[in-house]
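What's in structure33.cif: mmCIF, C-alpha atoms and all ligand atoms
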```cif
data_data
loop_
_atom_site.label_atom_id
_atom_site.label_comp_id
_atom_site.auth_asym_id
_atom_site.auth_seq_id
_atom_site.Cartn_x
_atom_site.Cartn_y
_atom_site.Cartn_z
CA MET A 1 -8.01 -13.92 -13.96
CA THR A 2 -4.65 -12.26 -13.30
CA LYS A 3 -1.59 -14.28 -14.26
CA ILE A 4 1.41 -14.35 -11.96
CA GLU A 5 3.59 -13.43 -14.97
CA ASP A 6 1.67 -10.15 -15.34
CA TYR A 7 3.29 -8.86 -12.17
CA ALA A 8 6.73 -8.88 -13.81
CA ALA A 9 5.94 -5.53 -15.44
CA ILE A 10 5.53 -4.01 -11.98
CA VAL A 11 8.09 -5.79 -9.80
CA GLY A 12 10.54 -7.30 -12.29
CA GLN A 13 10.92 -10.82 -13.72
CA GLY A 14 13.52 -11.76 -11.06
CA THR A 15 10.89 -11.55 -8.33
CA ILE A 16 8.55 -13.87 -10.22
CA ASP A 17 11.31 -16.42 -10.90
CA GLU A 18 12.16 -16.41 -7.21
CA LEU A 19 8.54 -17.20 -6.30
CA PHE A 20 8.48 -20.22 -8.63
CA THR A 21 11.73 -21.50 -7.11
CA LEU A 22 10.39 -21.20 -3.56
CA ALA A 23 7.06 -22.79 -4.52
CA ARG A 24 8.87 -25.88 -5.87
CA SER A 25 10.16 -26.55 -2.34
CA LEU A 26 6.56 -27.12 -1.24
CA GLU A 27 5.77 -29.78 -3.80
CA GLY A 28 3.36 -32.35 -2.41
CA LYS A 29 2.26 -30.16 0.52
CA THR A 30 -1.15 -28.55 0.89
CA VAL A 31 -1.68 -25.18 2.55
CA GLN A 32 -5.06 -24.52 4.12
CA ASN A 33 -6.11 -21.02 5.17
CA ILE A 34 -8.94 -20.74 7.68
CA ASN A 35 -10.77 -17.56 8.73
CA SER A 36 -14.29 -16.50 9.67
CA THR A 37 -15.64 -14.51 6.73
CA ALA A 38 -15.51 -14.90 2.97
CA VAL A 39 -16.28 -11.22 2.31
CA GLY A 40 -15.61 -7.89 3.99
CA GLY A 41 -12.47 -6.69 5.69
CA GLY A 42 -8.81 -7.06 4.96
CA VAL A 43 -8.33 -10.78 5.64
CA ALA A 44 -10.92 -11.90 3.09
CA GLU A 45 -9.54 -9.33 0.68
CA ILE A 46 -6.02 -10.75 0.86
CA LEU A 47 -7.04 -14.40 0.75
CA SER A 48 -9.22 -13.93 -2.30
CA GLN A 49 -6.25 -12.51 -4.18
CA MET A 50 -3.54 -14.73 -2.80
CA ILE A 51 -5.06 -18.21 -3.21
CA PRO A 52 -5.35 -18.13 -7.03
CA LEU A 53 -1.78 -16.83 -7.34
CA LEU A 54 -0.39 -19.50 -5.03
CA LYS A 55 -2.14 -22.10 -7.19
CA GLN A 56 -0.54 -20.69 -10.34
CA LEU A 57 2.84 -21.00 -8.66
CA GLY A 58 2.08 -24.68 -8.19
CA VAL A 59 1.22 -24.57 -4.47
CA GLU A 60 -1.81 -26.59 -3.39
CA ALA A 61 -3.64 -23.81 -1.57
CA ARG A 62 -7.12 -23.91 -0.03
CA TRP A 63 -9.31 -21.48 1.88
CA ASP A 64 -11.99 -22.56 4.35
CA VAL A 65 -14.35 -20.35 6.33
CA ILE A 66 -15.57 -21.54 9.72
CA LYS A 67 -19.31 -21.63 10.28
CA GLY A 68 -20.66 -19.16 12.81
CA ASN A 69 -23.93 -17.59 13.90
CA GLU A 70 -25.05 -14.35 15.51
CA LYS A 71 -24.18 -15.51 19.03
CA PHE A 72 -20.71 -16.67 17.99
CA TYR A 73 -19.93 -13.45 16.10
CA SER A 74 -21.13 -11.32 19.01
CA VAL A 75 -18.53 -13.07 21.21
CA THR A 76 -15.78 -12.81 18.60
CA LYS A 77 -16.57 -9.11 18.04
CA LYS A 78 -16.19 -8.63 21.80
CA PHE A 79 -12.78 -10.33 21.57
CA HIS A 80 -11.88 -8.07 18.69
CA ASN A 81 -12.83 -4.94 20.61
CA ALA A 82 -11.15 -6.13 23.82
CA LEU A 83 -7.93 -6.94 21.99
CA HIS A 84 -7.99 -3.39 20.67
CA GLY A 85 -8.18 -2.15 24.25
CA VAL A 86 -11.94 -1.38 24.36
CA PRO A 87 -13.45 -2.47 27.74
CA VAL A 88 -15.99 -5.28 27.30
CA LYS A 89 -17.61 -7.91 29.55
CA ILE A 90 -17.29 -11.52 28.50
CA ASP A 91 -18.73 -14.23 30.76
CA ASP A 92 -17.80 -17.90 31.11
CA GLY A 93 -20.86 -18.98 29.12
CA GLU A 94 -19.68 -16.94 26.16
CA LEU A 95 -16.18 -18.40 26.35
CA GLU A 96 -17.63 -21.91 26.48
CA TYR A 97 -19.84 -21.18 23.48
CA PHE A 98 -16.83 -19.87 21.57
CA ILE A 99 -14.88 -23.07 22.31
CA GLU A 100 -17.87 -25.26 21.50
CA MET A 101 -18.42 -23.59 18.08
CA ASN A 102 -14.74 -24.08 17.23
CA ARG A 103 -14.98 -27.75 18.21
CA ARG A 104 -18.06 -28.25 16.02
CA ASN A 105 -16.17 -26.72 13.08
CA ALA A 106 -13.10 -28.84 13.80
CA ALA A 107 -15.22 -32.00 13.77
CA GLU A 108 -16.48 -31.23 10.25
CA MET A 109 -13.24 -30.00 8.67
CA GLU A 110 -10.58 -31.82 6.69
CA PHE A 111 -7.12 -30.50 7.62
CA ALA A 112 -4.14 -30.03 5.28
CA ASP A 113 -0.36 -30.33 5.84
CA ILE A 114 -0.06 -26.67 6.77
CA VAL A 115 -3.02 -25.21 8.65
CA TYR A 116 -2.90 -21.44 8.55
CA VAL A 117 -5.42 -20.02 11.01
CA HIS A 118 -6.29 -16.32 10.72
CA ASP A 119 -7.25 -14.22 13.74
CA PRO A 120 -8.90 -15.28 17.01
CA GLN A 121 -12.24 -16.58 15.67
CA PRO A 122 -10.98 -20.07 14.64
CA ILE A 123 -8.07 -20.21 17.11
CA VAL A 124 -9.36 -23.20 19.10
CA LEU A 125 -9.08 -25.45 16.02
CA ILE A 126 -5.51 -26.04 17.25
CA GLU A 127 -6.96 -28.57 19.75
CA LYS A 128 -7.20 -30.91 16.77
CA ARG A 129 -3.42 -31.05 16.59
CA LYS A 130 -3.16 -33.65 19.40
CA GLU A 131 -5.16 -36.03 17.25
CA ILE A 132 -3.84 -35.34 13.73
CA GLY A 133 -0.45 -33.59 14.04
CA ARG A 134 0.33 -31.34 10.99
CA ASN A 135 1.94 -27.89 10.92
CA TRP A 136 -0.01 -25.05 12.47
CA LEU A 137 0.44 -21.30 12.05
CA TRP A 138 -1.57 -18.56 13.71
CA ARG A 139 -1.83 -15.29 11.79
CA CYS A 140 -2.87 -12.26 13.78
CA HIS A 141 -4.17 -9.39 11.64
CA ILE A 142 -5.29 -7.14 14.46
CA ASP A 143 -3.66 -4.39 16.49
CA PHE A 144 -2.16 -6.16 19.48
CA SER A 145 -0.27 -3.29 21.02
CA LYS A 146 -2.45 -3.10 24.19
CA PRO A 147 -4.76 -6.12 24.36
CA ASP A 148 -7.20 -6.59 27.21
CA ALA A 149 -5.40 -8.81 29.75
CA PHE A 150 -8.31 -11.20 30.35
CA VAL A 151 -8.98 -11.95 26.68
CA TRP A 152 -5.29 -12.20 25.88
CA LYS A 153 -4.75 -14.69 28.74
CA PHE A 154 -7.58 -16.82 27.37
CA LEU A 155 -6.25 -16.76 23.80
CA GLU A 156 -2.60 -17.13 24.75
CA GLN A 157 -3.08 -20.74 25.88
CA TYR A 158 -4.13 -21.56 22.29
CA VAL A 159 -1.58 -19.35 20.53
CA ASN A 160 1.25 -21.12 22.35
CA GLN A 161 0.20 -24.46 20.86
CA TYR A 162 0.92 -23.31 17.28
CA ASP A 163 4.29 -23.73 15.53
CA ALA A 164 4.63 -20.00 15.02
CA ALA A 165 2.64 -16.76 15.25
CA VAL A 166 2.65 -14.17 12.49
CA PHE A 167 2.08 -10.47 13.22
CA SER A 168 1.71 -7.49 10.85
CA ALA A 169 3.82 -4.93 12.71
CA PRO A 170 6.69 -5.04 15.23
CA SER A 171 4.60 -3.27 17.90
CA PHE A 172 2.21 -6.24 18.05
CA ALA A 173 4.81 -8.82 19.07
CA ARG A 174 3.98 -10.57 22.38
CA ARG A 175 5.96 -12.60 24.88
CA LEU A 176 5.21 -16.11 23.60
CA SER A 177 6.72 -19.56 23.97
CA ILE A 178 6.65 -20.05 20.17
CA PRO A 179 8.58 -18.26 17.39
CA GLN A 180 7.08 -15.01 16.10
CA VAL A 181 7.32 -13.81 12.52
CA LEU A 182 6.74 -10.33 11.14
CA ILE A 183 4.91 -10.33 7.81
CA SER A 184 3.05 -7.25 6.66
CA PRO A 185 -0.03 -7.62 4.48
CA SER A 186 -0.17 -6.35 0.92
CA ILE A 187 -2.37 -5.18 -1.91
CA ASP A 188 -2.81 -6.64 -5.36
CA PRO A 189 -1.93 -3.98 -7.96
CA LEU A 190 -3.78 -5.86 -10.71
CA SER A 191 -7.06 -6.53 -8.91
CA ASP A 192 -10.21 -4.60 -9.78
CA LYS A 193 -9.72 -2.62 -6.59
CA ASN A 194 -6.27 -1.36 -7.52
CA ARG A 195 -5.73 -1.60 -11.27
CA GLU A 196 -5.59 1.50 -13.48
CA LEU A 197 -9.00 2.94 -14.41
CA ASP A 198 -9.81 5.34 -17.19
CA GLU A 199 -11.26 8.75 -16.40
CA ALA A 200 -14.64 7.84 -17.90
CA THR A 201 -15.05 4.96 -15.43
CA ILE A 202 -14.01 7.14 -12.50
CA ASN A 203 -16.39 9.92 -13.57
CA ALA A 204 -19.25 7.48 -13.99
CA VAL A 205 -18.89 6.27 -10.39
CA PHE A 206 -18.83 9.79 -8.96
CA GLU A 207 -21.78 10.78 -11.10
CA ARG A 208 -23.75 7.77 -9.96
CA PHE A 209 -23.29 8.83 -6.34
CA GLY A 210 -24.01 12.49 -7.14
CA ILE A 211 -20.55 13.73 -6.06
CA ASP A 212 -19.15 16.83 -7.76
CA ARG A 213 -15.65 16.18 -9.11
CA THR A 214 -15.00 19.85 -9.78
CA ARG A 215 -14.74 20.50 -6.01
CA PRO A 216 -12.24 18.90 -3.55
CA ILE A 217 -13.27 15.50 -2.24
CA VAL A 218 -12.04 13.85 0.96
CA THR A 219 -12.82 10.14 1.22
CA GLN A 220 -12.60 7.40 3.81
CA ILE A 221 -13.40 3.84 2.73
CA SER A 222 -13.96 1.57 5.72
CA ARG A 223 -16.29 -0.85 7.35
CA PHE A 224 -18.61 1.14 9.63
CA ASP A 225 -16.68 0.36 12.77
CA TYR A 226 -16.13 2.57 15.81
CA LEU A 227 -12.36 1.91 15.59
CA LYS A 228 -12.27 3.45 12.09
CA ASP A 229 -13.56 6.64 13.78
CA PRO A 230 -16.15 7.71 11.17
CA LEU A 231 -17.63 10.20 13.65
CA GLY A 232 -14.16 11.71 14.17
CA VAL A 233 -13.85 12.00 10.40
CA ILE A 234 -17.08 13.99 10.19
CA ARG A 235 -15.94 16.28 13.01
CA ALA A 236 -12.60 16.87 11.30
CA TYR A 237 -14.42 17.63 8.04
CA LYS A 238 -16.69 20.12 9.80
CA ILE A 239 -13.69 22.00 11.23
CA ALA A 240 -11.85 22.00 7.88
CA LYS A 241 -15.03 23.05 6.05
CA LYS A 242 -14.97 26.42 7.82
CA ARG A 243 -11.82 27.25 5.80
CA VAL A 244 -11.92 25.15 2.63
CA ASP A 245 -14.68 24.02 0.32
CA VAL A 246 -14.62 20.22 0.61
CA GLN A 247 -17.01 17.33 0.20
CA LEU A 248 -16.76 14.26 2.41
CA VAL A 249 -17.34 10.67 1.30
CA LEU A 250 -17.67 7.95 3.93
CA ALA A 251 -18.13 4.70 2.08
CA GLY A 252 -18.18 1.16 3.30
CA GLY A 253 -20.15 -1.97 3.87
CA GLY A 254 -20.21 -4.61 6.51
CA ALA A 255 -18.47 -7.92 7.06
CA THR A 256 -20.53 -11.01 7.81
CA ASP A 257 -18.61 -11.49 11.07
CA ASP A 258 -19.13 -7.87 12.22
CA PRO A 259 -22.58 -7.32 13.80
CA GLU A 260 -21.96 -3.68 14.79
CA GLY A 261 -21.94 -2.14 11.29
CA PRO A 262 -25.59 -1.02 10.99
CA ILE A 263 -25.56 0.66 14.43
CA ILE A 264 -22.44 2.68 13.62
CA MET A 265 -23.76 3.59 10.18
CA GLU A 266 -26.92 5.01 11.77
CA GLN A 267 -24.81 7.13 14.14
CA VAL A 268 -22.81 8.35 11.16
CA ARG A 269 -25.96 9.36 9.31
CA GLN A 270 -27.14 11.31 12.36
CA GLU A 271 -23.78 13.06 12.73
CA ALA A 272 -23.82 13.94 9.02
CA ASP A 273 -27.18 15.61 9.77
CA LYS A 274 -28.41 16.41 6.27
CA ASP A 275 -25.18 18.16 5.18
CA LYS A 276 -25.46 17.95 1.36
CA ASP A 277 -21.69 17.75 1.05
CA ILE A 278 -21.39 14.60 3.15
CA PHE A 279 -21.98 11.35 1.25
CA VAL A 280 -22.53 8.29 3.43
CA LEU A 281 -22.46 5.39 0.98
CA PHE A 282 -23.29 1.80 1.75
CA LEU A 283 -21.16 -0.43 -0.46
CA PRO A 284 -22.32 -4.00 -1.06
CA PRO A 285 -19.66 -6.74 -1.39
CA SER A 286 -18.03 -6.74 -4.82
CA SER A 287 -17.83 -2.95 -5.02
CA ASP A 288 -14.19 -3.13 -6.03
CA ILE A 289 -14.41 -0.88 -9.07
CA GLU A 290 -16.43 1.66 -7.08
CA ILE A 291 -13.82 1.68 -4.30
CA ASN A 292 -11.01 1.95 -6.84
CA ALA A 293 -12.74 4.89 -8.55
CA LEU A 294 -13.60 6.65 -5.28
CA GLN A 295 -9.98 6.38 -4.12
CA ARG A 296 -8.55 7.47 -7.49
CA GLY A 297 -10.95 10.38 -7.90
CA SER A 298 -10.51 11.82 -4.40
CA THR A 299 -8.39 14.86 -3.63
CA ILE A 300 -7.40 13.34 -0.28
CA VAL A 301 -7.91 9.88 1.18
CA LEU A 302 -8.37 9.54 4.93
CA GLN A 303 -7.97 6.55 7.22
CA LYS A 304 -8.52 8.10 10.61
CA SER A 305 -8.41 4.83 12.55
CA LEU A 306 -8.13 4.77 16.34
CA LYS A 307 -6.74 1.23 16.20
CA GLU A 308 -5.68 -0.66 13.11
CA GLY A 309 -4.25 -4.06 12.30
CA PHE A 310 -2.48 -2.96 9.15
CA GLY A 311 -4.85 -0.67 7.27
CA LEU A 312 -4.93 -1.98 3.71
CA THR A 313 -6.92 1.04 2.57
CA VAL A 314 -3.81 3.16 3.18
CA SER A 315 -1.70 1.07 0.79
CA GLU A 316 -4.59 1.11 -1.68
CA ALA A 317 -4.75 4.91 -1.66
CA LEU A 318 -0.96 5.40 -1.78
CA TRP A 319 -0.60 2.96 -4.66
CA LYS A 320 -3.01 5.21 -6.56
CA GLY A 321 -0.75 8.14 -5.79
CA ARG A 322 -3.33 9.80 -3.58
CA PRO A 323 -2.33 12.20 -0.78
CA THR A 324 -3.29 10.24 2.33
CA ILE A 325 -3.92 11.35 5.90
CA ALA A 326 -4.14 8.51 8.40
CA GLY A 327 -4.09 7.80 12.14
CA ALA A 328 -0.63 6.90 13.47
CA VAL A 329 -1.80 3.51 14.76
CA GLY A 330 -1.14 -0.18 14.10
CA GLY A 331 0.53 -0.86 10.77
CA ILE A 332 -0.17 2.60 9.32
CA PRO A 333 3.23 4.13 10.28
CA LEU A 334 4.89 1.30 8.33
CA GLN A 335 3.13 2.61 5.24
CA ILE A 336 3.45 6.35 5.78
CA ALA A 337 6.59 8.30 6.60
CA HIS A 338 5.11 11.51 7.99
CA ARG A 339 5.30 14.44 5.57
CA TYR A 340 7.20 12.33 3.03
CA SER A 341 4.80 9.67 1.78
CA GLY A 342 1.65 10.88 3.53
CA ILE A 343 0.47 12.46 6.76
CA LEU A 344 0.14 10.78 10.16
CA THR A 345 -2.29 12.33 12.62
CA HIS A 346 -3.24 11.81 16.26
CA SER A 347 -6.42 13.87 16.68
CA ILE A 348 -9.53 15.29 15.04
CA GLU A 349 -7.98 18.78 15.07
CA GLY A 350 -4.75 17.48 13.50
CA THR A 351 -6.71 15.74 10.79
CA ALA A 352 -8.71 18.91 10.09
CA HIS A 353 -5.50 20.95 9.93
CA TRP A 354 -3.94 18.64 7.34
CA ILE A 355 -7.12 18.49 5.24
CA LYS A 356 -6.95 22.29 4.95
CA GLN A 357 -3.22 22.21 4.30
CA LEU A 358 -3.36 19.62 1.51
CA VAL A 359 -6.37 21.17 -0.19
CA ASN A 360 -4.50 24.48 -0.24
CA GLU A 361 -1.18 22.99 -1.39
CA PRO A 362 -1.97 20.56 -4.21
CA GLU A 363 1.63 20.37 -5.43
CA TYR A 364 2.92 19.29 -2.03
CA ALA A 365 -0.02 16.90 -1.69
CA ASN A 366 0.77 15.27 -5.03
CA LYS A 367 4.41 14.83 -4.06
CA LEU A 368 3.30 12.88 -1.00
CA GLY A 369 1.29 10.65 -3.33
CA VAL A 370 4.23 10.04 -5.66
CA HIS A 371 6.49 9.01 -2.76
CA GLY A 372 3.73 6.91 -1.28
CA ARG A 373 3.28 4.92 -4.49
CA GLU A 374 6.99 4.04 -4.63
CA HIS A 375 6.99 2.98 -0.99
CA ILE A 376 4.09 0.63 -1.65
CA ARG A 377 5.75 -0.75 -4.80
CA ASN A 378 8.85 -1.64 -2.79
CA ASN A 379 7.18 -3.03 0.32
CA PHE A 380 3.49 -3.80 0.22
CA LEU A 381 2.58 -5.50 -3.04
CA ILE A 382 1.29 -9.06 -3.09
CA THR A 383 4.47 -10.53 -4.62
CA ARG A 384 6.51 -9.57 -1.52
CA HIS A 385 3.76 -11.03 0.66
CA ILE A 386 3.70 -14.34 -1.23
CA LYS A 387 7.47 -14.60 -0.94
CA ASP A 388 7.31 -14.12 2.84
CA TYR A 389 4.56 -16.75 3.14
CA LEU A 390 6.42 -19.28 1.00
CA LEU A 391 9.57 -18.82 3.09
CA LEU A 392 7.53 -19.33 6.23
CA PHE A 393 5.86 -22.48 4.89
CA VAL A 394 9.19 -23.92 3.75
CA SER A 395 10.71 -23.20 7.17
CA LEU A 396 8.08 -25.45 8.81
CA PHE A 397 9.74 -28.45 7.19
CA HIS A 398 13.20 -27.39 8.40
CA LYS A 399 12.38 -26.56 12.00
CA ASP A 400 15.50 -28.21 13.35
CA ASP A 401 17.75 -26.05 11.15
CA LEU A 402 16.24 -22.78 12.36
CA VAL A 403 17.74 -20.56 14.97
CA TYR A 404 15.18 -18.26 16.56
CA LEU A 405 16.61 -15.12 18.17
N1 LIG B 1 -13.34 -2.74 1.91
C1 LIG B 1 -14.28 -3.18 1.01
N2 LIG B 1 -15.55 -2.75 1.16
C2 LIG B 1 -15.90 -1.91 2.16
C3 LIG B 1 -14.94 -1.47 3.09
C4 LIG B 1 -13.64 -1.92 2.94
O1 LIG B 1 -13.99 -3.92 0.09
O2 LIG B 1 -17.06 -1.57 2.24
C5 LIG B 1 -11.97 -3.23 1.73
C6 LIG B 1 -10.92 -2.15 1.67
O3 LIG B 1 -10.82 -1.65 0.36
C7 LIG B 1 -9.70 -2.95 2.12
C8 LIG B 1 -10.29 -3.90 3.15
O4 LIG B 1 -11.66 -4.04 2.83
O5 LIG B 1 -9.19 -3.70 1.06
C9 LIG B 1 -10.18 -3.34 4.55
O6 LIG B 1 -8.94 -3.67 5.07
P1 LIG B 1 -8.28 -2.81 6.22
O7 LIG B 1 -7.00 -3.47 6.58
O8 LIG B 1 -8.19 -1.36 5.80
O9 LIG B 1 -9.33 -2.86 7.43
P2 LIG B 1 -10.16 -4.05 8.15
O10 LIG B 1 -11.56 -3.95 7.60
O11 LIG B 1 -9.50 -5.35 7.83
O12 LIG B 1 -10.13 -3.68 9.60
#
```
Spit out the file's structure as structure tokens when you get a sec.
Ligand code: UDP
Amino acid sequence: MTKIEDYAAIVGQGTIDELFTLARSLEGKTVQNINSTAVGGGVAEILSQMIPLLKQLGVEARWDVIKGNEKFYSVTKKFHNALHGVPVKIDDGELEYFIEMNRRNAAEMEFADIVYVHDPQPIVLIEKRKEIGRNWLWRCHIDFSKPDAFVWKFLEQYVNQYDAAVFSAPSFARRLSIPQVLISPSIDPLSDKNRELDEATINAVFERFGIDRTRPIVTQISRFDYLKDPLGVIRAYKIAKKRVDVQLVLAGGGATDDPEGPIIMEQVRQEADKDKDIFVLFLPPSSDIEINALQRGSTIVLQKSLKEGFGLTVSEALWKGRPTIAGAVGGIPLQIAHRYSGILTHSIEGTAHWIKQLVNEPEYANKLGVHGREHIRNNFLITRHIKDYLLLFVSLFHKDDLVYL
């Protein structure tokens, strides 16, 4: 297990000392995180890294996952899509079922001093507050720039009952009756997904998947989700391929709360249409070393999302110094300054253009990677994230002293 002290080599001892000091202010308080999946996707990724570190700092931290089923996840996936601006139909029965499932979970759960609820799936747990009090935070990890009005109106009544709402990027802030806090997510530089790997390990992974490391490789690691635009990635690759010799890797798995994965993956396989240079890889949970190696060994990393909460895969690739091309959506522009620490694109054609450009100009591409790594070191590592969370938790016990602008 990683020790909190190990991060001093990357971010400096002063940062670690500061975390211990802040953590002491929470003595005797328990922090409970609640979300809807233990594996798959960015939220589970962050919680699995953060909880052990909070414990080492002396914070009583817990993580609970609400129980769901196919019907519940199909409603929550509709919410997810609607909040990202995709038109969906949700009827009253589905809303009632969503509320009912939250109430069943609330009835079975023990709640801590600080209840930190992640995303819309468990949002109705806040009803419990009338009965038990406590401090409640709602953490929104998704792109909220243009949410569907109907779904937002439904959720808003719950959001406004929390003590504060936390968003990942300034563009997601909403008009709310509660304070809003901006906290970007982060990556763990010492986890299996991000730590240094030797060349032999990287080679072994590429060999296992039959990918030729002597030729340029363009990779996107993502859940198979329409909003990650895997079909757009293949189209961009096909345009670029007319000019440069590249291979394409689309690798990802599913999340237990995302029922659409297999359908999208099938569409991706059809679009790939037996092209020997396209590798569509299904990654089971706990493929961290494989993901690390695929990112490290790629010539270019793509994240061509159409909508994005934050886009952890972008930080992951930049931290590894990889030239990264990503959609200019959600939290991605916080991570990439266009043509300085990566490339931001808005279309399939733009993505294809930059694939060609970076394959042809490896020196420029590598410079983007070097700048990207420093940007991530300064802004998006887990130590900065823990500090922001600790400050937020501490502030809950000093509400009267706070001035919200
Ligand atoms: N990821 C993974 N396995 C996969 C696909 C993605 O472990 O098959 C990880 C990926 O490396 C990243 C996270 O899941 O750490 C995805 O977070 P991101 O913010 O990019 O997107 P989300 O899935 O939360 O929309």
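Our summary of the geometry notes that CA of Thr214 (chain A) is positioned 18.1 Å from CA of Ala240 (chain A).
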Could you work out an axis-aligned box for ligand LIG 1 (chain B), taking every atom the file lists and adding 5 Å on each side, and report centre and edge lengths in Å to one decimal, as lines of an AutoDock Vina configuration file?
```
center_x = -12.0
center_y = -3.4
center_z = 4.8
size_x = 20.1
size_y = 14.0
size_z = 19.5
```
Can you tell me which residues surround region 269-279 of chain A at a distance of at most 6 Å, considering only C-alpha atoms, apart from same-chain residues fewer than 4 positions away, and format the answer as an MDAnalysis selection string? chainID A and resid 247:249
Neighbour list for region 103-115 of chain A as a count of residues only, cut-off 10 Å, all atoms listed in the file, skip fewer than 2 positions in-chain: 41
Please, which residues have at least one atom within 10 Å of an atom of ligand LIG 1 (chain B), using all atoms listed in the file, listed as an MDAnalysis selection string? chainID A and resid 39:46 141:143 185:188 193:194 220:225 227:228 250:255 258 281:292 295 303 305 307:317 331:332
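Those DNA, RNA and protein residues that approach the point (2.9, 7.5, 0.7) to within 8 Å, considering all atoms listed in the file, are Ser315, Leu318, Trp319, Gly321, Arg322, Pro323, Thr324, Gln335, Ile336, Ala337, Tyr340, Ser341, Gly342, Leu368, Gly369, Val370, His371, Gly372, Arg373, Glu374, His375 and Ile376 of chain A.
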Please identify all polymer residues within 9 Å of Ile90 (chain A), counting only C-alpha atoms, omitting same-chain residues fewer than 2 positions from it, and present them as a count of residues only. 9
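For the pair CA of Pro87 (chain A) and CA of Pro170 (chain A), the interatomic distance is 23.8 Å.
Separating CA of Ala365 (chain A) from CA of His338 (chain A) is a distance of 12.2 Å.
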Give me the residues of region 349-395 of chain A that have any atom at most 9 Å from an atom of region 173-183 of chain A; for each, the nearest atom pair and the distance in Å, rounded to one decimal. Use all atoms listed in the file, sort by chain and number, and format it as a tab-separated table.
```
residue	atom	partner	partner_atom	distance
A:His385	CA	A:Ile183	CA	7.3
A:Asp388	CA	A:Ile183	CA	6.7
A:Tyr389	CA	A:Ile183	CA	7.9
A:Leu392	CA	A:Val181	CA	8.4
```
Need to verify the contact set: Gly297 (chain A), 10 Å, all atoms listed in the file, exclusion of same-chain residues closer than 6 positions in sequence. Can you return it as number ranges by chain? A: 199, 202-203, 205-206, 213, 216-219, 291, 320, 322
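Of the residues listed (A:Lys304, A:Lys71, A:Lys387, A:Arg339), A:Lys304 shows the shortest atom-to-atom separation from Leu231 (chain A); distances use all atoms listed in the file.
With all atoms listed in the file as the atoms that count, the minimum distance from Leu83 (chain A) to the choices A:Glu156, A:Glu27, A:Glu70, A:Glu18 is reached by A:Glu156.
When all atoms listed in the file are used to compute distances to Val359 (chain A), the closest of the residues A:Ala165, A:Met50, A:Ile300, A:Ala326 turns out to be A:Ile300.
Nearest residue to Leu26 (chain A), choosing from A:Leu57, A:Ala82, A:Val11, A:Leu306 and counting only C-alpha atoms: A:Leu57.
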